[in-house]
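Student: What follows is structure36.txt, made up of compact mmCIF, C-alpha atoms:
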```
# COMPACT_ATOMS: atom_id res chain seq x y z
CA MET A 12 8.38 -27.10 -6.73
CA ASN A 13 7.65 -23.44 -6.25
CA ARG A 14 10.08 -21.47 -8.45
CA TYR A 15 11.31 -19.25 -5.59
CA ASP A 16 11.95 -22.33 -3.44
CA GLU A 17 14.19 -23.75 -6.18
CA PHE A 18 16.41 -20.68 -5.81
CA ALA A 19 16.36 -21.11 -2.03
CA LEU A 20 17.36 -24.77 -2.27
CA GLU A 21 20.10 -24.00 -4.77
CA GLU A 22 21.47 -21.37 -2.38
CA ALA A 23 21.55 -23.98 0.39
CA LEU A 24 23.37 -26.40 -1.95
CA LEU A 25 25.95 -23.72 -2.79
CA ILE A 26 26.55 -23.16 0.94
CA LYS A 27 27.00 -26.91 1.37
CA GLU A 28 29.57 -26.96 -1.43
CA LYS A 29 31.43 -24.08 0.19
CA PHE A 30 31.28 -25.46 3.72
CA PRO A 31 31.56 -29.26 3.65
CA GLY A 32 29.84 -30.97 6.53
CA THR A 33 26.73 -28.85 6.15
CA SER A 34 23.52 -30.82 6.21
CA ILE A 35 20.42 -29.71 4.29
CA HIS A 36 16.93 -30.63 5.47
CA ALA A 37 14.29 -29.91 2.83
CA LEU A 38 10.86 -29.41 4.40
CA SER A 39 7.46 -29.14 2.79
CA PHE A 40 4.08 -28.59 4.44
CA GLY A 41 0.95 -29.66 2.59
CA PRO A 42 -1.24 -32.52 1.36
CA GLU A 43 0.00 -35.92 0.12
CA ARG A 44 0.88 -34.53 -3.31
CA ALA A 45 3.43 -32.17 -1.71
CA GLY A 46 5.58 -35.27 -1.12
CA THR A 47 6.74 -35.04 -4.75
CA THR A 48 8.27 -31.65 -3.93
CA VAL A 49 10.30 -33.21 -1.12
CA CYS A 50 11.45 -35.96 -3.53
CA ARG A 51 12.49 -33.28 -6.04
CA ALA A 52 14.52 -31.54 -3.29
CA LEU A 53 16.26 -34.83 -2.49
CA GLU A 54 16.99 -35.34 -6.18
CA MET A 55 18.56 -31.89 -6.35
CA GLY A 56 20.89 -32.76 -3.48
CA ALA A 57 19.20 -32.21 -0.11
CA ASP A 58 20.38 -34.64 2.59
CA HIS A 59 17.05 -35.21 4.31
CA GLY A 60 13.44 -34.68 3.28
CA ILE A 61 10.66 -33.85 5.72
CA HIS A 62 7.02 -33.75 4.70
CA LEU A 63 4.56 -32.31 7.21
CA VAL A 64 1.33 -33.83 5.96
CA PHE A 65 -1.78 -31.64 6.14
CA THR A 66 -4.66 -33.34 4.39
CA PRO A 67 -7.70 -31.00 4.79
CA GLU A 68 -8.39 -29.39 1.41
CA ILE A 69 -8.97 -25.90 2.77
CA TYR A 70 -7.30 -22.55 2.29
CA VAL A 71 -4.10 -22.63 4.31
CA SER A 72 -3.03 -19.16 5.33
CA PRO A 73 0.67 -18.22 5.51
CA PHE A 74 0.34 -18.09 9.29
CA ILE A 75 -0.79 -21.73 9.51
CA THR A 76 2.09 -22.82 7.26
CA ALA A 77 4.60 -20.78 9.26
CA TRP A 78 3.25 -22.05 12.57
CA PHE A 79 3.69 -25.72 11.58
CA ILE A 80 7.18 -25.14 10.17
CA ALA A 81 8.23 -23.08 13.21
CA SER A 82 6.87 -25.76 15.57
CA TYR A 83 8.93 -28.40 13.74
CA ALA A 84 12.10 -26.27 13.66
CA ARG A 85 11.87 -24.90 17.22
CA ASN A 86 14.06 -27.43 19.08
CA ARG A 87 16.19 -28.64 16.19
CA ASP A 88 18.96 -26.01 16.29
CA TYR A 89 19.06 -25.10 12.62
CA ASP A 90 21.71 -22.45 11.85
CA LEU A 91 19.86 -21.12 8.85
CA ILE A 92 16.30 -21.38 7.56
CA ILE A 93 16.04 -20.50 3.88
CA THR A 94 12.72 -20.00 2.10
CA GLY A 95 11.58 -18.55 -1.20
CA VAL A 96 10.53 -14.90 -1.08
CA MET A 97 6.91 -15.82 -1.84
CA ALA A 98 4.66 -18.60 -3.04
CA GLU A 99 3.84 -18.47 -6.73
CA ASP A 100 0.12 -19.03 -6.11
CA ASP A 101 -0.96 -16.62 -3.37
CA MET A 102 2.06 -14.26 -3.56
CA ALA A 103 1.71 -13.31 0.10
CA CYS A 104 5.42 -12.74 0.95
CA GLN A 105 4.79 -13.72 4.56
CA THR A 106 5.85 -17.27 5.44
CA GLY A 107 9.59 -16.70 5.94
CA GLN A 108 9.06 -13.59 8.05
CA LEU A 109 6.36 -15.30 10.12
CA ILE A 110 8.63 -18.30 10.80
CA ALA A 111 11.34 -15.89 11.99
CA ALA A 112 8.89 -13.91 14.12
CA LEU A 113 7.46 -17.07 15.71
CA LEU A 114 10.97 -18.38 16.46
CA ASP A 115 12.21 -14.94 17.49
CA LEU A 116 15.04 -15.01 14.94
CA PRO A 117 16.52 -12.20 12.83
CA TYR A 118 15.64 -12.29 9.15
CA ALA A 119 16.25 -10.70 5.78
CA THR A 120 13.81 -10.71 2.86
CA SER A 121 14.35 -10.53 -0.91
CA VAL A 122 17.95 -11.65 -0.55
CA ILE A 123 19.97 -11.42 -3.76
CA SER A 124 23.42 -12.25 -2.42
CA THR A 125 24.82 -13.88 0.71
CA GLU A 126 28.21 -13.99 2.37
CA PHE A 127 28.83 -16.32 5.30
CA GLN A 128 31.27 -15.73 8.11
CA PRO A 129 31.11 -18.99 10.08
CA GLU A 130 33.90 -17.97 12.47
CA GLY A 131 31.82 -14.97 13.62
CA GLY A 132 28.52 -16.83 13.32
CA THR A 133 27.13 -14.15 11.03
CA VAL A 134 25.75 -13.85 7.54
CA ILE A 135 25.78 -10.70 5.40
CA ALA A 136 22.75 -10.59 3.12
CA ASP A 137 22.08 -8.10 0.36
CA ARG A 138 18.40 -7.22 0.07
CA GLU A 139 16.87 -6.01 -3.16
CA ILE A 140 14.96 -2.76 -2.60
CA GLU A 141 13.14 -0.33 -4.87
CA GLY A 142 14.90 1.67 -7.55
CA GLY A 143 17.45 -1.04 -8.36
CA ARG A 144 19.22 -0.45 -5.04
CA ARG A 145 20.55 -2.92 -2.47
CA LEU A 146 20.52 -2.89 1.29
CA SER A 147 23.11 -4.95 3.13
CA VAL A 148 22.26 -6.41 6.52
CA ARG A 149 24.41 -8.43 8.89
CA LEU A 150 22.51 -11.13 10.76
CA GLU A 151 23.62 -13.29 13.62
CA MET A 152 22.93 -16.96 13.06
CA PRO A 153 20.53 -18.67 13.55
CA ALA A 154 18.66 -16.55 11.05
CA VAL A 155 16.00 -16.77 8.36
CA LEU A 156 16.58 -15.70 4.74
CA THR A 157 13.91 -15.39 2.06
CA ILE A 158 15.55 -15.71 -1.34
CA GLN A 159 14.68 -13.56 -4.34
CA SER A 160 14.69 -15.06 -7.84
CA GLY A 161 17.81 -14.62 -9.96
CA ILE A 162 20.29 -15.07 -7.09
CA ASN A 163 21.62 -18.27 -8.73
CA THR A 164 20.77 -20.85 -11.37
CA PRO A 165 18.93 -23.85 -9.91
CA ARG A 166 20.55 -27.11 -11.00
CA TYR A 167 19.00 -30.14 -12.65
CA PRO A 168 19.00 -33.32 -10.55
CA SER A 169 21.98 -35.56 -11.26
CA LEU A 170 21.43 -39.29 -11.92
CA SER A 171 23.28 -40.30 -8.74
CA ASN A 172 21.10 -37.99 -6.65
CA VAL A 173 17.95 -39.31 -8.33
CA MET A 174 18.96 -42.90 -7.46
CA ARG A 175 19.78 -41.86 -3.88
CA ALA A 176 16.46 -40.03 -3.52
CA ARG A 177 14.57 -43.18 -4.61
CA THR A 178 16.37 -45.25 -2.00
CA GLN A 179 15.63 -42.69 0.69
CA GLN A 180 11.99 -42.62 -0.36
CA ALA A 181 11.82 -46.44 -0.10
CA ARG A 182 13.38 -46.28 3.38
CA GLY A 183 10.80 -43.75 4.41
CA HIS A 184 7.96 -46.07 3.37
CA GLN A 185 9.52 -48.99 5.23
CA ASP A 186 9.73 -46.95 8.44
CA LEU B 20 -67.39 4.49 15.26
CA ARG B 21 -66.28 4.67 11.65
CA ASN B 22 -63.10 6.45 12.68
CA LEU B 23 -62.34 3.90 15.34
CA THR B 24 -62.86 1.03 12.90
CA CYS B 25 -60.51 2.65 10.42
CA ARG B 26 -57.85 3.02 13.04
CA SER B 27 -58.10 -0.60 14.18
CA ASN B 28 -57.82 -1.78 10.55
CA ALA B 29 -54.78 0.40 9.93
CA LYS B 30 -52.82 -0.96 12.92
CA PRO B 31 -51.62 -4.34 11.58
CA ALA B 32 -50.56 -2.73 8.33
CA LEU B 33 -48.55 -0.10 10.17
CA VAL B 34 -46.91 -2.68 12.42
CA CYS B 35 -45.99 -4.79 9.40
CA ALA B 36 -44.65 -1.75 7.57
CA PHE B 37 -42.23 -1.08 10.43
CA LEU B 38 -41.47 -4.61 11.58
CA ILE B 39 -40.67 -6.30 8.27
CA PRO B 40 -37.90 -3.87 7.20
CA LEU B 41 -36.60 -3.88 10.79
CA LEU B 42 -36.36 -7.67 10.93
CA TRP B 43 -34.91 -7.81 7.43
CA GLY B 44 -32.29 -5.23 8.38
CA LEU B 45 -31.38 -7.06 11.58
CA SER B 46 -31.02 -10.40 9.82
CA TYR B 47 -28.88 -8.75 7.11
CA TRP B 48 -26.63 -7.15 9.70
CA ALA B 49 -26.26 -10.27 11.83
CA ARG B 50 -25.72 -12.80 9.04
CA PRO B 51 -22.70 -15.00 9.70
CA GLY B 52 -19.45 -14.10 7.98
CA LYS B 53 -20.42 -10.50 7.32
CA ARG B 54 -20.46 -9.09 10.83
CA PRO B 55 -17.23 -7.04 10.88
CA ALA B 56 -18.40 -4.86 8.02
CA SER B 57 -21.34 -2.58 8.64
CA PHE B 58 -23.33 -0.21 6.53
CA CYS B 59 -22.52 3.48 6.65
CA ILE B 60 -25.50 5.81 6.13
CA SER B 61 -23.41 8.89 5.31
CA CYS B 62 -21.61 7.46 2.30
CA MET B 63 -23.95 4.51 1.57
CA LYS B 64 -21.14 1.95 1.67
CA ARG B 65 -20.23 -1.00 3.84
CA HIS B 66 -17.18 -0.43 6.03
CA PHE B 67 -15.03 -2.31 8.51
CA PHE B 68 -16.25 -0.84 11.80
CA ALA B 69 -15.73 -2.69 15.04
CA SER B 70 -19.27 -3.30 16.39
CA GLY B 71 -20.65 -0.66 14.07
CA LYS B 72 -18.80 2.30 15.58
CA PRO B 73 -16.46 3.91 13.06
CA MET B 74 -14.23 5.71 15.52
CA GLU B 75 -13.60 2.63 17.65
CA LYS B 76 -10.77 1.34 15.47
CA LYS B 77 -7.87 3.70 14.97
CA ILE B 78 -5.91 3.56 11.75
CA PHE B 79 -2.16 3.97 11.68
CA ILE B 80 -0.07 4.37 8.56
CA ILE B 81 3.63 3.60 8.50
CA SER B 82 5.10 6.10 6.10
CA GLU B 83 8.04 5.33 3.89
CA THR B 84 10.56 8.02 3.06
CA ASP B 85 12.38 8.24 -0.23
CA GLN B 86 15.48 10.45 -0.25
CA GLY B 87 14.09 12.88 2.31
CA ASN B 88 10.57 13.00 0.88
CA SER B 89 7.45 11.10 1.77
CA SER B 90 6.86 8.45 -0.83
CA GLN B 91 3.86 8.41 -3.13
CA GLU B 92 2.65 5.26 -1.38
CA THR B 93 2.04 7.22 1.85
CA PHE B 94 -0.61 9.33 0.13
CA GLU B 95 -2.15 6.23 -1.44
CA LEU B 96 -2.33 4.65 2.03
CA ILE B 97 -4.30 7.68 3.27
CA SER B 98 -6.85 7.12 0.49
CA PHE B 99 -7.02 3.46 1.47
CA ALA B 100 -7.54 4.38 5.14
CA ARG B 101 -10.31 6.82 4.25
CA GLU B 102 -11.97 4.16 2.12
CA LEU B 103 -11.79 1.75 5.07
CA SER B 104 -13.37 4.12 7.53
CA CYS B 105 -15.73 6.49 5.79
CA GLY B 106 -13.42 9.46 5.53
CA GLN B 107 -11.70 9.14 8.89
CA LEU B 108 -8.17 10.51 8.67
CA PRO B 109 -5.47 8.11 9.89
CA THR B 110 -2.45 8.76 12.09
CA ILE B 111 0.84 8.72 10.21
CA ILE B 112 3.97 7.28 11.80
CA LEU B 113 7.19 8.51 10.26
CA LEU B 114 10.54 6.95 11.18
CA GLY B 115 14.03 8.16 10.39
CA SER B 116 16.73 10.61 11.36
CA GLY B 117 16.40 14.36 10.76
CA ILE B 118 12.79 14.16 9.62
CA GLU B 119 11.23 16.97 11.70
CA ALA B 120 10.61 19.24 8.70
CA GLN B 121 9.35 16.35 6.63
CA ALA B 122 6.85 15.33 9.35
CA LYS B 123 5.57 18.91 9.64
CA ASP B 124 5.22 19.16 5.86
CA LEU B 125 3.38 15.85 5.69
CA SER B 126 1.01 16.90 8.45
CA GLU B 127 0.24 20.20 6.70
CA LYS B 128 -0.25 18.53 3.33
CA THR B 129 -2.57 15.80 4.56
CA GLY B 130 -4.24 17.18 7.69
CA CYS B 131 -3.42 13.93 9.50
CA ASP B 132 -1.93 13.58 12.97
CA THR B 133 1.71 12.74 12.37
CA VAL B 134 4.07 11.05 14.80
CA ALA B 135 7.77 11.35 13.98
CA VAL B 136 10.12 8.85 15.62
CA ILE B 137 13.61 10.22 15.28
CA GLY B 138 16.88 8.40 15.90
CA ASN B 139 20.17 7.78 14.17
CA HIS B 140 19.52 4.04 14.21
CA LEU B 141 16.36 4.64 12.13
CA GLY B 142 18.17 6.44 9.31
CA LEU B 143 18.23 3.31 7.17
CA PHE B 144 15.56 0.66 7.26
CA ASN B 145 16.23 -1.97 9.89
CA THR B 146 13.48 -4.49 10.61
CA GLN B 147 14.05 -4.99 14.33
CA ALA B 148 14.67 -1.29 15.09
CA TYR B 149 11.61 -0.18 13.10
CA ALA B 150 9.41 -2.84 14.68
CA HIS B 151 10.47 -1.84 18.22
CA ALA B 152 9.89 1.86 17.47
CA ILE B 153 6.44 1.22 15.98
CA MET B 154 5.38 -1.07 18.83
CA ASP B 155 6.25 1.71 21.30
CA ILE B 156 3.92 4.10 19.48
CA LEU B 157 0.92 1.83 18.93
CA PRO B 158 -1.58 1.83 21.80
CA PRO B 159 -1.64 -1.58 23.52
CA LYS B 160 -4.75 -3.78 23.65
CA THR B 161 -6.68 -1.51 21.30
CA PRO B 162 -8.28 -2.62 18.02
CA LEU B 163 -6.25 -1.08 15.22
CA TRP B 164 -5.60 -1.04 11.54
CA VAL B 165 -1.89 -0.81 10.78
CA CYS B 166 -1.31 -0.03 7.10
CA LEU B 167 1.99 -0.26 5.24
CA PRO B 168 2.91 0.02 1.57
CA HIS B 169 3.59 -3.33 -0.13
CA THR B 170 7.21 -2.43 -0.78
CA SER B 171 10.43 -4.10 0.34
CA MET B 172 10.01 -2.28 3.67
CA GLY B 173 6.30 -3.03 4.05
CA TYR B 174 6.26 -6.75 3.41
CA ASP B 175 9.44 -7.16 5.45
CA LEU B 176 7.92 -5.48 8.49
CA ALA B 177 4.23 -6.42 8.35
CA PRO B 178 4.43 -10.11 9.47
CA LEU B 179 6.66 -9.21 12.43
CA LEU B 180 4.21 -6.50 13.53
CA ALA B 181 1.31 -8.91 13.07
CA VAL B 182 2.89 -11.52 15.34
CA SER B 183 3.77 -8.85 17.94
CA LEU B 184 0.22 -7.43 17.87
CA ASN B 185 -1.47 -10.84 17.67
CA ALA B 186 -3.12 -9.60 14.51
CA ALA B 187 -4.11 -10.86 11.09
CA CYS B 188 -1.67 -10.01 8.32
CA ILE B 189 -3.02 -9.34 4.84
CA THR B 190 -0.51 -8.41 2.17
CA ALA B 191 -0.73 -6.92 -1.32
CA VAL B 192 -4.28 -5.60 -0.92
CA ASP B 193 -5.45 -3.87 -4.09
CA GLY B 194 -9.09 -3.09 -3.38
CA ILE B 195 -12.00 -2.90 -0.98
CA HIS B 196 -15.43 -4.03 -2.05
CA SER B 197 -18.53 -5.51 -0.44
CA GLY B 198 -16.95 -5.19 2.97
CA ALA B 199 -13.89 -7.28 2.14
CA LEU B 200 -10.27 -6.63 1.32
CA SER B 201 -9.36 -7.99 -2.08
CA ARG B 202 -6.00 -9.14 -3.41
CA SER B 203 -4.91 -10.73 -6.66
CA ILE B 204 -3.56 -14.27 -6.69
CA TYR B 205 -2.24 -16.66 -9.34
CA SER B 206 -0.56 -13.75 -11.16
CA GLY B 207 -3.78 -11.76 -11.21
CA ARG B 208 -5.96 -14.51 -12.68
CA PHE B 209 -8.09 -14.73 -9.51
CA ILE B 210 -9.16 -12.29 -6.83
CA MET B 211 -9.20 -13.34 -3.19
CA ASP B 212 -11.60 -11.53 -0.83
CA ILE B 213 -10.63 -11.55 2.85
CA ILE B 214 -12.67 -10.43 5.85
CA PRO B 215 -10.38 -10.26 8.88
CA TRP B 216 -11.78 -11.43 12.24
CA THR B 217 -9.01 -10.34 14.60
CA PRO B 218 -9.51 -6.98 16.38
CA THR B 219 -6.19 -5.69 15.02
CA VAL B 220 -5.22 -6.08 11.39
CA VAL B 221 -1.93 -5.39 9.63
CA VAL B 222 -2.35 -4.63 5.94
CA THR B 223 0.09 -3.93 3.14
CA VAL B 224 -1.38 -2.07 0.19
CA LEU B 225 -0.14 -2.56 -3.36
CA PRO B 226 1.41 0.64 -4.77
CA GLY B 227 -0.79 2.24 -7.41
CA ALA B 228 -3.98 0.46 -6.30
CA PHE B 229 -5.53 3.58 -4.73
CA GLU B 230 -5.42 7.15 -5.95
CA SER B 231 -3.10 9.51 -4.19
CA PHE B 232 -4.72 11.54 -1.40
CA ALA B 233 -4.83 15.33 -1.70
CA LEU B 234 -6.29 17.57 0.99
CA TRP B 235 -7.56 20.16 -1.48
CA ARG B 236 -9.94 17.60 -2.99
CA ILE B 237 -11.74 17.17 0.35
CA SER B 238 -11.82 20.92 0.94
CA PHE B 239 -13.25 21.43 -2.55
CA LYS B 240 -15.94 18.79 -1.99
CA SER B 241 -16.88 20.21 1.40
CA CYS B 242 -17.77 23.56 -0.28
CA PHE B 243 -20.78 21.90 -1.95
```
How does the structure come out when it is put into structure tokens?
Tutor:
Amino acid sequence: MNRYDEFALEEALLIKEKFPGTSIHALSFGPERAGTTVCRALEMGADHGIHLVFTPEIYVSPFITAWFIASYARNRDYDLIITGVMAEDDMACQTGQLIAALLDLPYATSVISTEFQPEGGTVIADREIEGGRRLSVRLEMPAVLTIQSGINTPRYPSLSNVMRARTQQARGHQD
Amino acid sequence: LRNLTCRSNAKPALVCAFLIPLLWGLSYWARPGKRPASFCISCMKRHFFASGKPMEKKIFIISETDQGNSSQETFELISFARELSCGQLPTIILLGSGIEAQAKDLSEKTGCDTVAVIGNHLGLFNTQAYAHAIMDILPPKTPLWVCLPHTSMGYDLAPLLAVSLNAACITAVDGIHSGALSRSIYSGRFIMDIIPWTPTVVVTVLPGAFESFALWRISFKSCF
């Protein structure tokens, strides 16, 4: 799993711990081998895993990735879409913003701290900017956050979650 | 008779001398995948000109301010824009509150047309407010280059502008060579060359990748 996405998933898990009843859908877009990333997300504690399979071995631009993810998320009423700030390979810093732009949602990039106000339907996100400074933004949910590294410490998968992930994987194959 | 014979013998050679370079040049120019970049005779480099006309594509720079001053990246973006377009000076867009003096100073220092968008809501960076303000300035349905620094402001704003303008978005560009924009990937182990095909392109330029622009350098060069 992309390192920045681990921080993003951990942030989602922390929100789930804080607000019970939250459901986490971990989504990956890519070839068959990207399925292992979805399994890893399930092992870490995600409730559902979605793999958008894209088999052609070509360069996939951030726009293509964002378009597929936005198309999947469009009618599913997610309150929050959390991504890593960038991919470790092409370091484009675009996918999260493009998803938000395609879905016409507010977004914050390089988020280093979050505070949720579910009663108001808002989230306050601190963005990391140059010179060691922070910029706080208040976003109305649904919103998109791209998570900067160092915001939390990603957890190791627990044995119970690993067993659950294997069962879920088997169910997926049966379907 | 001798003269006439000489002339008739010289004809095929002359035709070949003109035709072969002409055909070679045409095939070079029209080869697939290289069309957006064309060769500039004045500086002997290949540039990104829409259909070979340098002035057809306007270049806009979104300037970033740092505690009341234009950031270093703004001047680097001007160098990048000049590299893109054979010395054409870009238009600078400056956003903020109380930036009249700063805009005037920037215009005098660089010689570029400068547009200042002033409003209290633009005092601190806000993605939606900045995007709306910039979209109001940019001419609609016109091929453009929109250049931003690859800072927290630049990479936050660029994808939103790209979607609004129906443009390609290329981030963290650190060079231009052989008619392509280059950027480092895999932590700098590889270099990716990109040739954009959309009429409008949004680019973020890595700070420090281009030398800072200074007007006196051009004035000094023009003396010789």
Student: So that each row is one residue of chain B with an atom at most 12 Å from chain A, can you give its shortest atom pair and the distance in Å to one decimal, using all atoms listed in the file, rows by chain and rising number, as a tab-separated table?
Tutor:
```
residue	atom	partner	partner_atom	distance
B:Glu83	CA	A:Glu141	CA	11.6
B:Thr84	CA	A:Glu141	CA	11.8
B:Asp85	CA	A:Glu141	CA	9.8
B:Gln86	CA	A:Gly142	CA	11.4
B:Ser90	CA	A:Glu141	CA	11.5
B:Leu143	CA	A:Leu146	CA	8.8
B:Phe144	CA	A:Leu146	CA	8.5
B:Asn145	CA	A:Val148	CA	8.2
B:Thr146	CA	A:Tyr118	CA	8.2
B:Gln147	CA	A:Pro117	CA	7.8
B:Ala148	CA	A:Pro117	CA	11.3
B:Ala150	CA	A:Ala112	CA	11.1
B:His169	CA	A:Cys104	CA	9.6
B:Thr170	CA	A:Glu141	CA	7.5
B:Ser171	CA	A:Ile140	CA	5.6
B:Met172	CA	A:Ile140	CA	8.0
B:Gly173	CA	A:Cys104	CA	10.2
B:Tyr174	CA	A:Cys104	CA	6.5
B:Asp175	CA	A:Thr120	CA	6.2
B:Leu176	CA	A:Gln108	CA	8.2
B:Ala177	CA	A:Gln105	CA	8.2
B:Pro178	CA	A:Leu109	CA	5.6
B:Leu179	CA	A:Ala112	CA	5.5
B:Leu180	CA	A:Ala112	CA	8.8
B:Ala181	CA	A:Leu109	CA	8.7
B:Val182	CA	A:Ala112	CA	6.6
B:Ser183	CA	A:Ala112	CA	8.1
B:Leu184	CA	A:Ala112	CA	11.5
B:Asn185	CA	A:Leu113	CA	11.1
B:Ala186	CA	A:Phe74	CA	10.5
B:Ala187	CA	A:Phe74	CA	8.7
B:Cys188	CA	A:Gln105	CA	8.3
B:Ile189	CA	A:Ala103	CA	7.8
B:Thr190	CA	A:Ala103	CA	5.8
B:Ala191	CA	A:Ala103	CA	7.0
B:Val192	CA	A:Ala103	CA	9.8
B:Arg202	CA	A:Asp101	CA	9.0
B:Ser203	CA	A:Asp101	CA	7.8
B:Ile204	CA	A:Asp101	CA	4.8
B:Tyr205	CA	A:Asp100	CA	4.6
B:Ser206	CA	A:Asp100	CA	7.3
B:Gly207	CA	A:Asp101	CA	9.6
B:Arg208	CA	A:Asp100	CA	10.0
B:Phe209	CA	A:Asp101	CA	9.6
B:Ile210	CA	A:Asp101	CA	9.9
B:Met211	CA	A:Asp101	CA	8.9
B:Ile213	CA	A:Ser72	CA	11.0
B:Val221	CA	A:Gln105	CA	11.8
B:Val222	CA	A:Ala103	CA	11.2
B:Thr223	CA	A:Ala103	CA	10.0
B:Val224	CA	A:Ala103	CA	11.7
B:Leu225	CA	A:Ala103	CA	11.4
B:Pro226	CA	A:Glu141	CA	11.8
```
Student: What separation in Å, quoted to one decimal, exists between CA of Asn88 in chain B and CA of Gly142 in chain B?
Tutor: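 Taking CA of Asn88 in chain B as the start and CA of Gly142 in chain B as the end point, the length is 13.1 Å.
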Student: To one decimal place in Å, what is the distance between CA of Ile80 in chain B and CA of Ala135 in chain B?
Tutor: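 If I compute the distance from CA of Ile80 in chain B to CA of Ala135 in chain B, I get 11.8 Å.
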Student: List as a PyMOL selection string the protein and nucleic acid residues near Ile92 in chain A, meaning an atom at most 12 Å away when only C-alpha atoms are counted, but skip any in the same chain fewer than 2 places from it.
Tutor: chain A and resi 16+19-20+22-23+34-38+77+80-81+83-85+87-90+94-95+106-111+114+116-120+152-158
Student: List every protein, DNA or RNA residue that has an atom no more than 12 Å from (-4.8, 12.0, -6.4) in the file's coordinate frame, counting only C-alpha atoms, and report them as a PyMOL selection string.
Tutor: chain B and resi 91-99+129+227-237
Student: Could you tell me how far CA of Ala152 in chain B lies from CA of Cys131 in chain B, in Å and to one decimal?
Tutor: 19.7 Å
Student: Restricting the calculation to only C-alpha atoms: of A:Gly60, A:Thr33, A:Ser147, A:Met55, which residue gets closest to Gln179 in chain A?
Tutor: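 Closest to Gln179 in chain A, using only C-alpha atoms: A:Gly60.
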Student: Counting only C-alpha atoms, write as number ranges by chain all protein and nucleic acid residues lying at most 6 Å from (-3.8, -3.9, 17.9) in the file's frame.
Tutor: B: 160-163, 184, 219
Student: Can you work out which one of A:Glu126, A:Glu21, A:Asp58, A:Asp137 has the shortest atom-to-atom distance to Pro165 in chain A, counting all atoms listed in the file?
Tutor: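 When distances to Pro165 in chain A are compared using all atoms listed in the file, the smallest one comes from A:Glu21.
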Student: Just want the 7 Å neighbourhood of Ile81 in chain B, counted on all atoms listed in the file, with same-chain residues fewer than 3 positions away dropped. Output as JSON, numbers by chain.
Tutor: {"B": [111, 112, 113, 166, 167]}
Student: So that I can see what lies close to Pro168 in chain A, please list as a list in words the residues with an atom at most 7 Å from it, counting only C-alpha atoms and leaving out residues fewer than 4 positions away in the same chain.
Tutor: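 Contacts, with the query itself left out: Glu54, Met55, Asn172 and Val173 of chain A.
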